Amino acid sequence: MMGKQASSAEALARFAHVKTWVFDLDNTLYPPHADIWPKVDARITLFIANHLGLDGMSARAMQKYYYQVHGTTLNGLMTEHGVDPHAFLGFVHAIDRSSLVPDAALDAALAALPGRKFIFTNGSCGHAEATLRQLGLEQHFEDIFDIVAADFIPKPAAKPYHAFLARHGINPAEAAMLEDIPHNLTVPKALGMRTILVVPDSRGDHKEVWERHDAADETAPAFDAVTDHLPGFLTSLVTHLQKPQA
């Protein structure tokens with residue numbers, strides 16, 4: 001189900017001018033029930049426990065505290081403990097991705113979607129590449145802008161968005177961003193980008209409570225579309241864009 005807002009002709013018409021599509025990776029290009037993020041999450045806890053000599057419960061508490069205060073757990077570990085970010089990223093993204101199943105409908109929709117396409121992630125380029133290969137989607141994206149390219153400053157801070165747009169010469173007024181975390185769409189909306197919030201289906205959500213769509217209050221940005229089925233939304237969007245415009 002795409003949801004009324006996502007599938008309406010009025011909502012789809014908002015994207016007629018878009019020339020560049022910017023996709024988050026985790027829990028956006030694949031559903032949360034694929035269990036990729038919980039595997040990374042567990043590896044982060046293990047890294048902290050090993051690196052700082054903590055028990056599992058203490059490591060977990062530190063992980064979640066740093067994530068909320070610093071934007072990423074990595075940022076907190078770098079700031080508070082001088083952790084080597086490359087060692088961290090290599091460790092936490094060494095996971096089994098076999099639970100990811102290629103989605104023929106998403107592959108076809110991305111192939112048909114006109115314009116440039118990018119990945120913009122708080123994860124690493126290596127993680128994004130491995131995940132896209134497992135999904136069979138790597139051929140659709142011009143480049144991956146990762147946490148290293150962002151100088152380890154994560155979304156939702158404004159600086160990495162500006163750096164990403166400048167790096168690729170993107171006019172935000174002609175771009176759209178697709179994300180699963182509401183507050184990561186605040187800056188794109190302010191810059192003039194179209195925004196699509198990808199929410200989980202009935203099979204569950206692994207995000208923290210404060211990150212979820214139902215936690216967004218009235219100060220959150222208005223979304224140009226909300227969907228719980230990305231392949232269906234993109235397919236409807238492509239169909240709409242291919243119709244002769246009056």
# chains A, B, ... in the order shown; residues from 1 in each chain; ligands from 1
call {"tool": "closest_atom_pairs", "arguments": {"of": "segment 96-198 of chain A", "to": "segment 40-59 of chain A", "cutoff": "12 Å", "atoms": "only C-alpha atoms", "output": "JSON lines"}}
result
{"residue": "A:Asp96", "atom": "CA", "partner": "A:Val40", "partner_atom": "CA", "distance": 9.6}
{"residue": "A:Arg97", "atom": "CA", "partner": "A:Val40", "partner_atom": "CA", "distance": 10.4}
{"residue": "A:Gly123", "atom": "CA", "partner": "A:Val40", "partner_atom": "CA", "distance": 10.1}
{"residue": "A:Ser124", "atom": "CA", "partner": "A:Val40", "partner_atom": "CA", "distance": 11.7}
{"residue": "A:His127", "atom": "CA", "partner": "A:Val40", "partner_atom": "CA", "distance": 10.0}
call {"tool": "write_last_selection", "arguments": {"atoms": "N, CA and C atoms", "output": "PDB file, in the first residue's frame"}}
result
ATOM      1  N   ASP A  96      26.458 -10.043   7.418  1.00  0.00           N
ATOM      2  CA  ASP A  96      25.835 -10.932   6.437  1.00  0.00           C
ATOM      3  C   ASP A  96      24.626 -10.209   5.829  1.00  0.00           C
ATOM      4  N   ARG A  97      24.647 -10.028   4.515  1.00  0.00           N
ATOM      5  CA  ARG A  97      23.559  -9.325   3.821  1.00  0.00           C
ATOM      6  C   ARG A  97      22.647 -10.279   3.056  1.00  0.00           C
ATOM      7  N   GLY A 123      26.142   6.028   6.471  1.00  0.00           N
ATOM      8  CA  GLY A 123      27.018   4.866   6.530  1.00  0.00           C
ATOM      9  C   GLY A 123      28.246   5.063   5.663  1.00  0.00           C
ATOM     10  N   SER A 124      28.970   3.980   5.422  1.00  0.00           N
ATOM     11  CA  SER A 124      30.197   4.050   4.626  1.00  0.00           C
ATOM     12  C   SER A 124      29.922   3.697   3.173  1.00  0.00           C
ATOM     13  N   HIS A 127      29.875  -0.088   2.737  1.00  0.00           N
ATOM     14  CA  HIS A 127      28.588  -0.674   3.138  1.00  0.00           C
ATOM     15  C   HIS A 127      27.537  -0.451   2.061  1.00  0.00           C
TER      16      HIS A 127
END
call {"tool": "select_by_dssp", "arguments": {"residues": "segment 95-148 of chain A", "states": "strand (DSSP E or B)", "output": "PyMOL selection string"}}
result
chain A and resi 116-120+143-145
call {"tool": "residues_around", "arguments": {"residues": "Ala16 of chain A", "least_positions_apart": "4", "cutoff": "10 Å", "atoms": "only C-alpha atoms", "output": "list in words"}}
result
Leu12, Glu174, Leu237, Val238, His240, Leu241, Gln242 and Gln245 of chain A
call {"tool": "residues_around", "arguments": {"residues": "segment 136-142 of chain A", "least_positions_apart": "4", "cutoff": "8 Å", "atoms": "only C-alpha atoms", "output": "number ranges by chain"}}
result
A: 102-103, 107, 110-111, 116-119, 129, 132
call {"tool": "closest_atom_pairs", "arguments": {"of": "segment 155-196 of chain A", "to": "segment 28-33 of chain A", "cutoff": "9 Å", "atoms": "only C-alpha atoms", "output": "JSON lines"}}
result
{"residue": "A:Leu178", "atom": "CA", "partner": "A:Thr28", "partner_atom": "CA", "distance": 7.4}
{"residue": "A:Glu179", "atom": "CA", "partner": "A:Thr28", "partner_atom": "CA", "distance": 6.0}
{"residue": "A:Asp180", "atom": "CA", "partner": "A:Thr28", "partner_atom": "CA", "distance": 5.6}
call {"tool": "closest_residue", "arguments": {"among": "A:Ala157, A:Ala108, A:Thr131, A:Met193", "to": "His70 of chain A", "atoms": "only C-alpha atoms"}}
result
A:Ala157
call {"tool": "decode", "arguments": {"residues": "segment 119-173 of chain A", "atoms": "C-alpha atoms", "output": "short mmCIF file (atom, residue, chain, number, x, y, z; two decimals), in the first residue's frame"}}
result
data_model
loop_
_atom_site.label_atom_id
_atom_site.label_comp_id
_atom_site.auth_asym_id
_atom_site.auth_seq_id
_atom_site.Cartn_x
_atom_site.Cartn_y
_atom_site.Cartn_z
CA ILE A 119 22.99 7.63 -2.62
CA PHE A 120 23.43 9.94 0.39
CA THR A 121 24.08 7.91 3.54
CA ASN A 122 25.41 8.27 7.07
CA GLY A 123 27.02 4.87 6.53
CA SER A 124 30.20 4.05 4.63
CA CYS A 125 30.72 3.80 0.89
CA GLY A 126 31.81 0.18 1.32
CA HIS A 127 28.59 -0.67 3.14
CA ALA A 128 26.51 1.07 0.49
CA GLU A 129 28.31 -0.68 -2.36
CA ALA A 130 27.95 -4.12 -0.78
CA THR A 131 24.28 -3.51 0.00
CA LEU A 132 23.48 -2.24 -3.49
CA ARG A 133 25.24 -5.26 -5.03
CA GLN A 134 23.17 -7.61 -2.90
CA LEU A 135 20.02 -5.77 -3.96
CA GLY A 136 21.10 -5.75 -7.62
CA LEU A 137 20.71 -1.95 -7.80
CA GLU A 138 24.27 -0.63 -8.06
CA GLN A 139 23.97 0.24 -11.76
CA HIS A 140 21.34 2.91 -11.14
CA PHE A 141 23.42 5.35 -9.07
CA GLU A 142 25.92 7.89 -10.29
CA ASP A 143 27.75 8.18 -6.98
CA ILE A 144 27.62 7.46 -3.25
CA PHE A 145 28.05 10.34 -0.80
CA ASP A 146 28.94 8.70 2.51
CA ILE A 147 29.94 9.73 6.01
CA VAL A 148 33.60 9.97 4.97
CA ALA A 149 32.76 12.34 2.10
CA ALA A 150 30.72 14.33 4.65
CA ASP A 151 33.86 14.73 6.80
CA PHE A 152 32.10 12.56 9.42
CA ILE A 153 29.38 15.16 9.94
CA PRO A 154 26.11 13.21 9.73
CA LYS A 155 22.65 14.07 8.53
CA PRO A 156 20.61 15.96 9.70
CA ALA A 157 23.31 18.66 10.06
CA ALA A 158 23.14 21.16 7.19
CA LYS A 159 26.83 21.06 6.22
CA PRO A 160 26.87 17.62 4.53
CA TYR A 161 23.81 18.48 2.43
CA HIS A 162 25.54 21.61 1.12
CA ALA A 163 28.73 19.64 0.48
CA PHE A 164 26.82 16.96 -1.41
CA LEU A 165 24.97 19.46 -3.61
CA ALA A 166 28.16 21.41 -4.37
CA ARG A 167 30.15 18.26 -5.15
CA HIS A 168 27.71 17.21 -7.86
CA GLY A 169 26.49 20.60 -9.08
CA ILE A 170 22.89 19.89 -8.06
CA ASN A 171 20.24 22.59 -7.99
CA PRO A 172 18.15 21.76 -4.91
CA ALA A 173 15.07 23.31 -6.55
#
